[in-house]
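Before any comments, here is the structure.
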Amino acid sequence: MDAVDATWGSDPAAPRDVLGPVAGGPAFDDHHPPRADLIADCVHCGFCLPTCPTYVLWGEEMDSPRGRIYLMNQGLGGEPLSGSMVEHFDNCLGCMSCVTACPSGVKYDRLIEDTRAQIERRHPRTAKERALRAAVFALFPYPRRLRLLRGPLRAYRASGLQRLIGRTGLLERLAPTLATLDSLAPRLTGVPKPPRLVRARGARRAVVGMLTGCVQSAFFPDVNSATVRILAAEGCDVAIPEEQGCCGALSVHNGREAEAQRFARRLIDTFERTGMDFFVVNAAGCGSSLKEYGELLRDDPAYAGRAAAFAAKVRDLAELLVELGPVAPRHPLPVTVAYHDACHLGHAQGVRAQPRALLAGIPGLELREIADPEICCGSAGVWNVFHPEPAAELGDRKAANVLATGADLLVTANPGCLMQVAAAVRRHGRRIALAHTAHVLDASIRNRGTADLLSRRG
Ligand code: SF4
Ligand code: SF4
């Protein structure tokens, strides 16, 4: 293993391990430990601190990017993977706000991903943690299983039980994780499954494969149907193979490397057959992982090259539409919109200008900016399920900033953000219409006016 920077070890603010070592032996094994050269890029300047949601919440050095990099360095130096170390790494939302803020170009995204995979392999979790993780990862990456929840969820809401339980506040006190899941459950819309192939309207400009996603296809199928209509209107043949499955984003963001690799191989096999020019994604968290497929499968000789080629074709919907340029006429939508940058779109993919350009290109639409846009809403994949209280606090901050814009409609490009902000706005006793960027573009292209958009309340 490479030598580590000695100046880190002399820091008087070194963390004391209050929980004690749990695994024994050095923190990391030799399978892709966090890289010493990337750690050495950090000059300890602290510019990232005010943009880190956990540092903003708790003001703890070890819950900042700089502190976590310090802990990684300690692990590389032979320190054991202690309980408190793991807790500080677990607390990280993976929002990549620090990557945007860092003037030295520290690749924190690479560092935390490698660290999480080490933790998942080497750190024994408690029975309660294991049970929760087993339930989450047996459900969320499987669209068919998620779809089975739609019926019971509808019945639960229609029975009035949800309102009753909500009024007692009992669930928050007894089972905050369940209360979080309960509050996040979106209003369900029913739309038919998209066909396997949708032809371009007019002259074909590109063939695109489309990811339908897990949460997206189960709870927001209307985002997928709007995406397909937009792509067809903009001259794309859209291939949507039914057997595509999960992209592995949730797994890779939680250190489940082997599981993520299985999902990635299957997706590559499925879409290579379509002859696509681009692979389009309408969920920010999925897009950022798909663009990293080359890294994920770098050790697999059968897939490394194919994964890199696949990743080069991945585009967020807004990114692709700007790249192609509009051909479908836009019709007016007289509405004020607050646009929320999903972290995995803004920070992780650098896609900020494109969705704003698309929205601003709609006649009559007024775009408003949200204060503190760099701070995560607290959704962060399943971080809000594992950390319900701080996630609610971050959600409340975001909701207050969204409501302060006075906009009619909140627009974002990630299902997790939509559910998280909707729940927080409801806690404020307020309502705001919520939509995906695809809903707004689709309404404009089809000249549907604003009534349907403004009726989308979380
Ligand atoms: S990814 Fe987000 S939560 Fe994690 S250290 Fe960076 S800014 Fe903080
Ligand atoms: S901004 Fe970058 S270099 Fe400065 S402390 Fe944060 S990670 Fe390190």
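Chain labels run A, B, ... following the order of the structure tokens; each chain numbers its residues from 1, and ligands are numbered from 1 in the order shown.
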Can you tell me which residues sit at most 8 Å away from ligand 1, counting only C-alpha atoms and all ligand atoms, written as a PDB file with C-alpha atoms, in the first residue's frame?
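That gives us selection.pdb:
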```
ATOM      1  CA  CYS A  48     -15.956  22.170   1.121  1.00  0.00           C
ATOM      2  CA  LEU A  49     -17.178  22.416   4.719  1.00  0.00           C
ATOM      3  CA  THR A  51     -21.477  22.972   1.400  1.00  0.00           C
ATOM      4  CA  CYS A  52     -21.550  19.616   3.209  1.00  0.00           C
ATOM      5  CA  PRO A  53     -25.025  18.874   4.611  1.00  0.00           C
ATOM      6  CA  THR A  54     -23.796  16.817   7.569  1.00  0.00           C
ATOM      7  CA  TYR A  55     -21.263  19.499   8.551  1.00  0.00           C
ATOM      8  CA  ASP A  63     -18.744  14.657   9.541  1.00  0.00           C
ATOM      9  CA  SER A  64     -17.213  16.915   6.896  1.00  0.00           C
ATOM     10  CA  PRO A  65     -15.520  15.863   3.631  1.00  0.00           C
ATOM     11  CA  ARG A  66     -12.118  16.882   5.026  1.00  0.00           C
ATOM     12  CA  ARG A  68     -13.805  11.785   6.246  1.00  0.00           C
ATOM     13  CA  PHE A  89     -18.693   7.291   6.564  1.00  0.00           C
ATOM     14  CA  ASN A  91     -23.395   9.598   7.657  1.00  0.00           C
ATOM     15  CA  CYS A  92     -22.136  10.838   4.297  1.00  0.00           C
ATOM     16  CA  LEU A  93     -25.059  11.378   1.908  1.00  0.00           C
ATOM     17  CA  GLY A  94     -22.885  10.871  -1.166  1.00  0.00           C
ATOM     18  CA  CYS A  95     -24.340  14.130  -2.480  1.00  0.00           C
ATOM     19  CA  MET A  96     -20.989  15.220  -4.022  1.00  0.00           C
ATOM     20  CA  SER A  97     -21.526  18.840  -3.079  1.00  0.00           C
ATOM     21  CA  CYS A  98     -17.914  18.735  -1.830  1.00  0.00           C
ATOM     22  CA  VAL A  99     -16.712  17.694  -5.296  1.00  0.00           C
ATOM     23  CA  TYR A 108     -14.163  12.439  -3.162  1.00  0.00           C
ATOM     24  CA  ASP A 109     -16.728  10.486  -5.209  1.00  0.00           C
ATOM     25  CA  ILE A 112     -16.115   7.316  -0.749  1.00  0.00           C
ATOM     26  CA  CYS A 376     -28.972  18.277  -0.532  1.00  0.00           C
TER      27      CYS A 376
END
```
Item checked: Within 9 Å of ligand 2 (only C-alpha atoms and all ligand atoms), residues as a list in words ->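 If we count only C-alpha atoms and all ligand atoms, the neighbours of ligand 2 turn out to be Ile39, Ala40, Asp41, Cys42, Val43, His44, Cys45, Gly46, Phe47, Cys48, Leu49, Ser64, Pro65, Arg66, Gly67, Ile69, Cys98, Val99, Thr100, Ala101, Cys102, Pro103, Ser104, Gly105, Val106, Lys107 and Tyr108 of chain A.
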Item checked: Neighbour list for stretch 216-224 of chain A as a PyMOL selection string, cut-off 9 Å, only C-alpha atoms, skip fewer than 2 positions in-chain -> chain A and resi 143-150+185-194+210-214+226-229+282-283+414-415+435-439
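If you measure from each of A:Gly75, A:Pro241, A:Gly209, A:Pro141 to A:Arg196 using only C-alpha atoms, the closest one turns out to be A:Pro241.
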Check: Restricting the calculation to only C-alpha atoms, which member of A:Arg133, A:His88, A:Arg205, A:Arg116 is positioned closest to A:Val327?
Finding: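 Using only C-alpha atoms, the shortest distance to A:Val327 belongs to A:Arg205.
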Note to self: Need the shell around A:Leu403: protein/DNA/RNA residues with any atom at most 10 Å away, counting only C-alpha atoms. Skip same-chain ones fewer than 4 positions apart. Format as a PyMOL selection string?
What the structure shows: chain A and resi 338+370+398-399+407-410+425+428+430-432
Notebook entry, point to check: Taking only C-alpha atoms into account, which of A:Pro326, A:Gly202, A:Gly248, A:Pro334 comes nearest A:Ser289?
Noted result: A:Gly248
Next item on the list: Considering only C-alpha atoms, return as a list of chain:residue names whatever protein or nucleic-acid residues lie within 9 Å of A:Ala371, sequence-local ones (same chain, fewer than 3 positions apart) excluded.
Entry: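 Listed by chain and then number, they are A:Glu374, A:Lys398, A:Asn401, A:Val402, A:Ala404, A:Thr405.
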Expected file contents, prior selection, N, CA and C atoms, as a compact mmCIF listing (two decimals), in the first residue's frame:
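Below you can see result13.txt, which holds the result:
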```txt
# COMPACT_ATOMS: atom_id res chain seq x y z
N GLU A 374 -26.88 24.24 -3.43
CA GLU A 374 -25.87 23.18 -3.36
C GLU A 374 -26.16 22.18 -2.23
N LYS A 398 -34.91 22.51 2.85
CA LYS A 398 -35.12 22.65 1.40
C LYS A 398 -36.54 23.14 1.12
N ASN A 401 -36.89 26.82 1.65
CA ASN A 401 -36.28 27.60 0.56
C ASN A 401 -37.12 27.53 -0.72
N VAL A 402 -37.72 26.36 -0.96
CA VAL A 402 -38.58 26.21 -2.14
C VAL A 402 -39.81 27.11 -2.00
N ALA A 404 -40.16 29.73 -0.24
CA ALA A 404 -39.80 31.16 -0.25
C ALA A 404 -39.71 31.72 -1.67
N THR A 405 -39.57 30.88 -2.67
CA THR A 405 -39.51 31.39 -4.05
C THR A 405 -40.88 31.89 -4.51
```
Next item on the list: Could you jot down the atom CA of A:Leu333 to atom CA of A:Val440 separation for me, Å, one decimal place?
Entry: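 Straight-line distance from atom CA of A:Leu333 to atom CA of A:Val440 works out to 8.5 Å.
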Check: Quick one: of A:Met419, A:Ala304, A:Ala131, A:Val56, who's nearest to A:Glu393, counting only C-alpha atoms?
Finding: A:Val56
Next item on the list: From the DSSP assignment of the backbone, select every residue of stretch 145-349 of chain A that is helix (DSSP H, G or I), and format the answer as an MDAnalysis selection string.
Entry: chainID A and resid 145:148 150:158 161:168 170:174 176:184 215:219 221:233 242:244 249:253 257:272 284:290 293:296 304:312 317:324 343:346
Note to self: Give me, as a PyMOL selection string, all polymer residues having an atom no more than 9 Å from A:Ala206, counting only C-alpha atoms and skipping those fewer than 3 positions away in the same chain.
What the structure shows: chain A and resi 200+235-238+276-278+324
